[in-house]
file start-v5.txt (compact mmCIF, C-alpha atoms)
# COMPACT_ATOMS: atom_id res chain seq x y z
CA MET A 593 -34.97 -92.09 64.16
CA SER A 594 -36.20 -94.70 61.75
CA TRP A 595 -34.09 -95.94 58.88
CA ILE A 596 -36.08 -94.08 56.23
CA GLU A 597 -35.35 -90.77 57.96
CA SER A 598 -31.67 -91.68 58.01
CA ILE A 599 -31.72 -92.30 54.26
CA ARG A 600 -33.56 -89.01 53.71
CA ASP A 601 -31.04 -87.07 55.79
CA ALA A 602 -28.14 -88.68 53.92
CA LEU A 603 -29.70 -87.68 50.59
CA VAL A 604 -30.25 -84.13 51.87
CA VAL A 605 -26.60 -83.84 52.95
CA VAL A 606 -25.35 -85.19 49.60
CA PHE A 607 -27.54 -82.84 47.53
CA ALA A 608 -26.69 -79.80 49.66
CA CYS A 609 -22.95 -80.54 49.48
CA VAL A 610 -23.14 -80.91 45.69
CA GLY A 611 -24.94 -77.57 45.51
CA ALA A 612 -22.39 -75.85 47.74
CA PHE A 613 -19.57 -77.27 45.60
CA PHE A 614 -21.17 -75.89 42.45
CA PHE A 615 -21.59 -72.48 44.11
CA LEU A 616 -17.89 -72.53 45.01
CA VAL A 617 -16.96 -73.38 41.41
CA GLY A 618 -19.16 -70.57 40.12
CA THR A 619 -17.54 -68.06 42.46
CA LEU A 620 -14.07 -69.19 41.45
CA GLY A 621 -15.02 -68.85 37.80
CA LEU A 622 -16.43 -65.38 38.40
CA LEU A 623 -13.23 -64.31 40.12
CA ARG A 624 -10.62 -66.00 37.94
CA PHE A 625 -11.79 -66.06 34.33
CA PRO A 626 -10.27 -63.45 32.03
CA ASP A 627 -13.27 -62.20 30.11
CA TYR A 628 -16.93 -61.31 30.54
CA TYR A 629 -18.25 -64.07 28.29
CA SER A 630 -16.28 -66.83 29.99
CA ARG A 631 -17.37 -65.45 33.37
CA THR A 632 -21.03 -65.62 32.43
CA HIS A 633 -20.42 -69.15 31.12
CA ALA A 634 -19.11 -70.19 34.52
CA THR A 635 -21.52 -68.42 36.82
CA THR A 636 -24.90 -68.98 35.18
CA LYS A 637 -24.45 -72.72 34.78
CA CYS A 638 -22.91 -73.31 38.19
CA ASP A 639 -25.45 -71.13 39.96
CA THR A 640 -28.33 -72.86 38.24
CA VAL A 641 -27.13 -76.32 39.20
CA GLY A 642 -26.15 -75.27 42.73
CA ALA A 643 -29.40 -73.49 43.53
CA GLY A 644 -31.50 -76.27 42.01
CA SER A 645 -29.62 -78.91 43.98
CA ILE A 646 -29.88 -77.12 47.33
CA LEU A 647 -33.57 -76.35 46.80
CA LEU A 648 -34.20 -79.99 45.88
CA ALA A 649 -32.47 -81.01 49.10
CA LEU A 650 -34.62 -78.61 51.11
CA ALA A 651 -37.80 -79.88 49.47
CA LEU A 652 -36.72 -83.43 50.34
CA LEU A 653 -36.09 -82.33 53.93
CA ARG A 654 -39.48 -80.67 54.19
CA GLY A 655 -41.37 -83.77 53.10
CA LEU A 656 -45.05 -83.84 52.24
CA GLU A 657 -46.17 -80.55 53.68
CA PRO A 658 -47.84 -77.53 52.04
CA ASP A 659 -44.49 -75.77 51.96
CA MET A 660 -42.83 -78.29 49.65
CA PRO A 661 -44.38 -77.24 46.28
CA LYS A 662 -43.22 -73.67 46.95
CA LEU A 663 -39.63 -74.86 47.18
CA LEU A 664 -40.01 -76.82 43.94
CA LEU A 665 -41.58 -73.75 42.30
CA LEU A 666 -38.62 -71.70 43.48
CA ALA A 667 -36.24 -74.26 41.97
CA GLY A 668 -38.12 -74.03 38.67
CA LEU A 669 -37.99 -70.24 38.80
CA VAL A 670 -34.23 -70.28 39.33
CA LEU A 671 -33.77 -72.85 36.55
CA LEU A 672 -35.70 -70.59 34.16
CA SER A 673 -34.55 -67.14 35.22
CA SER A 674 -30.81 -67.52 35.73
CA PRO A 675 -29.92 -68.58 32.14
CA THR A 676 -32.36 -66.02 30.75
CA ALA A 677 -30.74 -63.22 32.73
CA GLY A 678 -27.29 -64.39 31.68
CA HIS A 679 -28.34 -64.45 28.04
CA ALA A 680 -29.88 -60.98 28.25
CA LEU A 681 -26.72 -59.54 29.82
CA SER A 682 -24.52 -61.28 27.24
CA ARG A 683 -26.67 -59.90 24.45
CA ALA A 684 -26.37 -56.41 25.92
CA ALA A 685 -22.59 -56.81 26.14
CA TYR A 686 -22.31 -58.06 22.56
CA ARG A 687 -24.59 -55.37 21.13
CA THR A 688 -22.61 -52.66 22.85
CA GLY A 689 -19.41 -53.91 21.24
CA LEU A 690 -17.55 -55.81 23.95
CA LYS A 691 -14.97 -57.96 22.18
CA PRO A 692 -14.46 -61.57 23.30
CA TRP A 693 -11.09 -62.49 24.77
CA LEU A 694 -8.82 -64.51 22.46
CA LYS A 695 -5.76 -66.44 23.49
CA GLU A 696 -3.74 -65.26 20.50
CA GLU A 697 -4.51 -62.28 18.39
CA GLN A 698 -5.82 -63.26 14.99
CA PRO A 699 -3.35 -62.48 12.17
CA MET B 671 -29.35 -80.94 60.80
CA THR B 672 -29.68 -77.31 61.90
CA THR B 673 -25.90 -77.07 62.34
CA PHE B 674 -25.39 -78.43 58.84
CA LEU B 675 -27.81 -75.85 57.40
CA TRP B 676 -25.94 -73.09 59.28
CA ALA B 677 -22.69 -74.35 57.75
CA ILE B 678 -24.11 -74.30 54.23
CA GLY B 679 -25.52 -70.80 54.79
CA ILE B 680 -22.26 -69.36 56.09
CA PHE B 681 -20.37 -70.98 53.22
CA LEU B 682 -22.74 -69.33 50.75
CA LEU B 683 -22.31 -65.96 52.46
CA VAL B 684 -18.52 -66.21 52.13
CA ASN B 685 -19.01 -67.02 48.44
CA ALA B 686 -21.30 -63.99 48.11
CA PHE B 687 -18.57 -61.72 49.46
CA GLY B 688 -16.21 -63.19 46.84
CA CYS B 689 -18.73 -62.26 44.18
CA LEU B 690 -18.97 -58.74 45.65
CA ALA B 691 -15.23 -58.40 45.06
CA ARG B 692 -15.91 -58.95 41.36
CA ALA B 693 -18.71 -56.40 41.53
CA VAL B 694 -16.23 -53.87 42.94
CA ILE B 695 -13.32 -54.50 40.56
CA GLY B 696 -15.28 -55.52 37.47
CA PRO B 697 -14.00 -53.68 34.42
CA THR B 698 -17.32 -53.31 32.63
CA ALA B 699 -20.88 -52.61 33.75
CA VAL B 700 -22.18 -56.03 32.69
CA ASP B 701 -19.59 -57.69 34.93
CA ARG B 702 -21.01 -55.86 37.90
CA LEU B 703 -24.57 -56.73 36.89
CA LEU B 704 -23.67 -60.42 36.58
CA ALA B 705 -22.04 -60.37 40.02
CA ILE B 706 -25.12 -58.71 41.53
CA ASN B 707 -27.33 -61.35 39.92
CA VAL B 708 -25.22 -64.13 41.43
CA VAL B 709 -25.31 -62.48 44.87
CA GLY B 710 -29.10 -62.30 44.58
CA THR B 711 -29.34 -66.01 43.81
CA LYS B 712 -27.17 -66.82 46.83
CA THR B 713 -29.33 -64.59 49.03
CA LEU B 714 -32.41 -66.49 47.85
CA ILE B 715 -30.87 -69.79 48.89
CA VAL B 716 -29.81 -68.37 52.27
CA LEU B 717 -33.38 -67.16 52.86
CA CYS B 718 -34.68 -70.69 52.20
CA LEU B 719 -32.08 -72.10 54.62
CA LEU B 720 -33.13 -69.57 57.27
CA SER B 721 -36.75 -70.63 56.90
CA PHE B 722 -35.64 -74.13 57.90
CA ILE B 723 -33.37 -72.97 60.69
CA TYR B 724 -35.92 -70.71 62.39
CA GLU B 725 -38.97 -72.81 61.42
CA ARG B 726 -40.66 -69.85 59.74
CA THR B 727 -42.31 -70.90 56.50
CA LEU B 728 -42.97 -67.26 55.63
CA PHE B 729 -39.35 -66.86 54.52
CA VAL B 730 -39.98 -69.11 51.52
CA ASP B 731 -42.56 -66.63 50.21
CA VAL B 732 -40.07 -63.81 50.74
CA ALA B 733 -37.50 -65.82 48.78
CA LEU B 734 -39.98 -66.32 45.93
CA VAL B 735 -40.61 -62.57 45.63
CA TYR B 736 -36.88 -61.93 45.94
CA GLY B 737 -36.15 -64.25 43.03
CA LEU B 738 -38.71 -62.57 40.80
CA LEU B 739 -37.40 -59.10 41.68
CA ASN B 740 -33.82 -60.22 41.03
CA PHE B 741 -34.79 -61.48 37.58
CA ILE B 742 -36.68 -58.30 36.67
CA VAL B 743 -33.88 -56.03 37.92
CA THR B 744 -31.30 -57.92 35.87
CA LEU B 745 -33.42 -57.76 32.71
CA ALA B 746 -34.15 -54.05 33.12
CA ALA B 747 -30.53 -53.17 33.84
CA GLY B 748 -29.36 -55.22 30.85
CA ARG B 749 -31.84 -53.38 28.68
CA LEU B 750 -30.64 -50.06 30.05
CA VAL B 751 -27.05 -51.00 29.22
CA GLU B 752 -28.02 -52.18 25.74
CA THR B 753 -30.33 -49.41 24.55
CA GLY B 754 -29.72 -46.56 26.96
CA LYS B 755 -33.40 -46.18 27.80
CA LEU B 756 -36.07 -48.00 29.75
CA LYS B 757 -39.24 -47.17 27.80
CA GLY B 758 -40.22 -47.62 24.18
CA ASP B 759 -39.13 -50.22 21.64
CA TRP B 760 -36.25 -52.57 22.17
CA ALA B 761 -34.37 -51.36 19.13

call {"tool": "encode", "arguments": {"input": "start-v5.txt", "output": "structure tokens"}}
result
Amino acid sequence: MSWIESIRDALVVVFACVGAFFFLVGTLGLLRFPDYYSRTHATTKCDTVGAGSILLALALLRGLEPDMPKLLLLAGLVLLSSPTAGHALSRAAYRTGLKPWLKEEQP
Amino acid sequence: MTTFLWAIGIFLLVNAFGCLARAVIGPTAVDRLLAINVVGTKTLIVLCLLSFIYERTLFVDVALVYGLLNFIVTLAAGRLVETGKLKGDWA
């Protein structure tokens, strides 16, 4: 294994571990936050960053082959679609009258 | 490297089961929809990892279609929650 492949593998491991960490944070936020709006805040951002990071790592691992632009296209699709879906669901929740959670009730 | 990709995939599957717990206990319908959306994103990533593990590049195409379907399903279900119908104007 040449040194450039070693550097590539190290970058792949770092990006994939960052993505897995963000997925873990998103899952914890989805399970632990008290309210729908805070849950969508946690999950959409963390899932976007985690999926983009892991897909970037996989594209780096694939190298210059015809498969690589598909992985980058998939990363772009996730970066576009996940916040849009979160916004649409939040809009649906707000229009149907779901009240945000407040720490203290307003006087 | 294959062992590392297996580890990342299994980790993501465990996370997906955590999200399914929210989909079961979620108090409102939009909570469940958000959890299903997150599980779909994780499934997409696991499909890409499997394409590297088994050396089948076809799985990336399947993941692409899966991502588009996940997006459309979330939008349509959000619209159904918001307006109560699937056709006509988005009032």

call {"tool": "interface_residues", "arguments": {"input": "start-v5.txt", "of": "chain A", "to": "chain B", "cutoff": "9 Å", "atoms": "all atoms listed in the file", "output": "PDB file with C-alpha atoms, keeping the file's coordinate frame"}}
result
ATOM      1  CA  ASP A 601     -31.040 -87.070  55.790  1.00  0.00           C
ATOM      2  CA  VAL A 605     -26.600 -83.840  52.950  1.00  0.00           C
ATOM      3  CA  ALA A 608     -26.690 -79.800  49.660  1.00  0.00           C
ATOM      4  CA  CYS A 609     -22.950 -80.540  49.480  1.00  0.00           C
ATOM      5  CA  ALA A 612     -22.390 -75.850  47.740  1.00  0.00           C
ATOM      6  CA  PHE A 615     -21.590 -72.480  44.110  1.00  0.00           C
ATOM      7  CA  LEU A 616     -17.890 -72.530  45.010  1.00  0.00           C
ATOM      8  CA  GLY A 618     -19.160 -70.570  40.120  1.00  0.00           C
ATOM      9  CA  THR A 619     -17.540 -68.060  42.460  1.00  0.00           C
ATOM     10  CA  LEU A 620     -14.070 -69.190  41.450  1.00  0.00           C
ATOM     11  CA  LEU A 622     -16.430 -65.380  38.400  1.00  0.00           C
ATOM     12  CA  LEU A 623     -13.230 -64.310  40.120  1.00  0.00           C
ATOM     13  CA  TYR A 628     -16.930 -61.310  30.540  1.00  0.00           C
ATOM     14  CA  ARG A 631     -17.370 -65.450  33.370  1.00  0.00           C
ATOM     15  CA  THR A 632     -21.030 -65.620  32.430  1.00  0.00           C
ATOM     16  CA  THR A 635     -21.520 -68.420  36.820  1.00  0.00           C
ATOM     17  CA  THR A 636     -24.900 -68.980  35.180  1.00  0.00           C
ATOM     18  CA  ASP A 639     -25.450 -71.130  39.960  1.00  0.00           C
ATOM     19  CA  THR A 640     -28.330 -72.860  38.240  1.00  0.00           C
ATOM     20  CA  ALA A 643     -29.400 -73.490  43.530  1.00  0.00           C
ATOM     21  CA  ILE A 646     -29.880 -77.120  47.330  1.00  0.00           C
ATOM     22  CA  LEU A 647     -33.570 -76.350  46.800  1.00  0.00           C
ATOM     23  CA  LEU A 650     -34.620 -78.610  51.110  1.00  0.00           C
ATOM     24  CA  ARG A 654     -39.480 -80.670  54.190  1.00  0.00           C
ATOM     25  CA  ASP A 659     -44.490 -75.770  51.960  1.00  0.00           C
ATOM     26  CA  LYS A 662     -43.220 -73.670  46.950  1.00  0.00           C
ATOM     27  CA  LEU A 663     -39.630 -74.860  47.180  1.00  0.00           C
ATOM     28  CA  LEU A 665     -41.580 -73.750  42.300  1.00  0.00           C
ATOM     29  CA  LEU A 666     -38.620 -71.700  43.480  1.00  0.00           C
ATOM     30  CA  LEU A 669     -37.990 -70.240  38.800  1.00  0.00           C
ATOM     31  CA  VAL A 670     -34.230 -70.280  39.330  1.00  0.00           C
ATOM     32  CA  SER A 673     -34.550 -67.140  35.220  1.00  0.00           C
ATOM     33  CA  SER A 674     -30.810 -67.520  35.730  1.00  0.00           C
ATOM     34  CA  THR A 676     -32.360 -66.020  30.750  1.00  0.00           C
ATOM     35  CA  ALA A 677     -30.740 -63.220  32.730  1.00  0.00           C
ATOM     36  CA  GLY A 678     -27.290 -64.390  31.680  1.00  0.00           C
ATOM     37  CA  ALA A 680     -29.880 -60.980  28.250  1.00  0.00           C
ATOM     38  CA  LEU A 681     -26.720 -59.540  29.820  1.00  0.00           C
ATOM     39  CA  SER A 682     -24.520 -61.280  27.240  1.00  0.00           C
ATOM     40  CA  ARG A 683     -26.670 -59.900  24.450  1.00  0.00           C
ATOM     41  CA  ALA A 684     -26.370 -56.410  25.920  1.00  0.00           C
ATOM     42  CA  ALA A 685     -22.590 -56.810  26.140  1.00  0.00           C
ATOM     43  CA  TYR A 686     -22.310 -58.060  22.560  1.00  0.00           C
ATOM     44  CA  ARG A 687     -24.590 -55.370  21.130  1.00  0.00           C
ATOM     45  CA  THR A 688     -22.610 -52.660  22.850  1.00  0.00           C
TER      46      THR A 688
END

call {"tool": "atom_distance", "arguments": {"input": "start-v5.txt", "atom1": "CA of Tyr736 (chain B)", "atom2": "CA of Val716 (chain B)"}}
result
11.5 Å

call {"tool": "residues_around", "arguments": {"input": "start-v5.txt", "residues": "Pro626 (chain A)", "least_positions_apart": "5", "cutoff": "10 Å", "atoms": "all atoms listed in the file", "output": "VMD selection string"}}
result
chain A and resid 621 631 692 to 694

call {"tool": "write_last_selection", "arguments": {"input": "start-v5.txt", "atoms": "C-alpha atoms", "output": "mmCIF file, in the frame of the given file"}}
result
data_model
loop_
_atom_site.group_PDB
_atom_site.id
_atom_site.type_symbol
_atom_site.label_atom_id
_atom_site.label_comp_id
_atom_site.auth_asym_id
_atom_site.auth_seq_id
_atom_site.Cartn_x
_atom_site.Cartn_y
_atom_site.Cartn_z
ATOM 1 C CA GLY A 621 -15.020 -68.850 37.800
ATOM 2 C CA ARG A 631 -17.370 -65.450 33.370
ATOM 3 C CA PRO A 692 -14.460 -61.570 23.300
ATOM 4 C CA TRP A 693 -11.090 -62.490 24.770
ATOM 5 C CA LEU A 694 -8.820 -64.510 22.460
#

call {"tool": "residues_around", "arguments": {"input": "start-v5.txt", "residues": "Leu664 (chain A)", "least_positions_apart": "6", "cutoff": "9 Å", "atoms": "only C-alpha atoms", "output": "ChimeraX atom specification"}}
result
/A:644,647-648,651

call {"tool": "closest_residue", "arguments": {"input": "start-v5.txt", "among": "A:Phe625, A:Pro661, A:Glu696, A:Ser645", "to": "Gly611 (chain A)", "atoms": "all atoms listed in the file"}}
result
A:Ser645

call {"tool": "closest_residue", "arguments": {"input": "start-v5.txt", "among": "A:Asp627, A:Val641, A:Leu653, A:Pro675", "to": "Phe613 (chain A)", "atoms": "all atoms listed in the file"}}
result
A:Val641

call {"tool": "closest_residue", "arguments": {"input": "start-v5.txt", "among": "A:Arg600, A:Lys691, A:Ser594, A:Gly668", "to": "Gly655 (chain A)", "atoms": "all atoms listed in the file"}}
result
A:Arg600

call {"tool": "atom_distance", "arguments": {"input": "start-v5.txt", "atom1": "CA of Phe614 (chain A)", "atom2": "CA of Cys638 (chain A)"}}
result
5.3 Å

call {"tool": "atom_distance", "arguments": {"input": "start-v5.txt", "atom1": "CA of Pro658 (chain A)", "atom2": "CA of Leu671 (chain A)"}}
result
21.4 Å

call {"tool": "decode", "arguments": {"input": "start-v5.txt", "residues": "region 664-681 of chain A", "atoms": "N, CA and C atoms", "output": "CSV table (one decimal), in the first residue's frame"}}
result
chain,number,residue,atom,x,y,z
A,664,LEU,N,-21.7,11.6,-5.0
A,664,LEU,CA,-21.8,13.0,-4.8
A,664,LEU,C,-23.2,13.5,-5.0
A,665,LEU,N,-23.9,13.0,-6.1
A,665,LEU,CA,-25.2,13.4,-6.4
A,665,LEU,C,-26.2,13.0,-5.2
A,666,LEU,N,-25.9,11.8,-4.6
A,666,LEU,CA,-26.7,11.4,-3.5
A,666,LEU,C,-26.5,12.3,-2.3
A,667,ALA,N,-25.3,12.7,-2.1
A,667,ALA,CA,-25.0,13.7,-1.0
A,667,ALA,C,-25.7,15.0,-1.2
A,668,GLY,N,-25.7,15.5,-2.5
A,668,GLY,CA,-26.4,16.7,-2.8
A,668,GLY,C,-27.9,16.5,-2.6
A,669,LEU,N,-28.5,15.4,-2.9
A,669,LEU,CA,-29.9,15.1,-2.7
A,669,LEU,C,-30.3,15.1,-1.3
A,670,VAL,N,-29.4,14.5,-0.4
A,670,VAL,CA,-29.7,14.5,1.0
A,670,VAL,C,-29.6,15.9,1.6
A,671,LEU,N,-28.6,16.6,1.1
A,671,LEU,CA,-28.4,18.0,1.6
A,671,LEU,C,-29.6,18.9,1.3
A,672,LEU,N,-30.2,18.6,0.1
A,672,LEU,CA,-31.4,19.4,-0.3
A,672,LEU,C,-32.7,18.9,0.4
A,673,SER,N,-32.8,17.6,0.4
A,673,SER,CA,-34.2,17.1,0.7
A,673,SER,C,-34.4,17.0,2.2
A,674,SER,N,-33.4,16.8,3.0
A,674,SER,CA,-33.7,16.6,4.5
A,674,SER,C,-34.2,17.9,5.1
A,675,PRO,N,-33.5,19.1,4.9
A,675,PRO,CA,-34.1,20.3,5.5
A,675,PRO,C,-35.4,20.7,4.9
A,676,THR,N,-35.7,20.4,3.6
A,676,THR,CA,-37.0,20.7,3.0
A,676,THR,C,-38.1,19.8,3.7
A,677,ALA,N,-37.8,18.5,3.9
A,677,ALA,CA,-38.8,17.7,4.5
A,677,ALA,C,-39.1,18.1,5.9
A,678,GLY,N,-38.0,18.5,6.7
A,678,GLY,CA,-38.2,19.0,8.0
A,678,GLY,C,-39.0,20.2,8.1
A,679,HIS,N,-38.7,21.1,7.1
A,679,HIS,CA,-39.5,22.4,7.1
A,679,HIS,C,-41.0,22.1,6.8
A,680,ALA,N,-41.2,21.2,5.8
A,680,ALA,CA,-42.6,20.9,5.5
A,680,ALA,C,-43.4,20.3,6.6
A,681,LEU,N,-42.7,19.4,7.4
A,681,LEU,CA,-43.4,18.8,8.5
A,681,LEU,C,-43.6,19.8,9.6
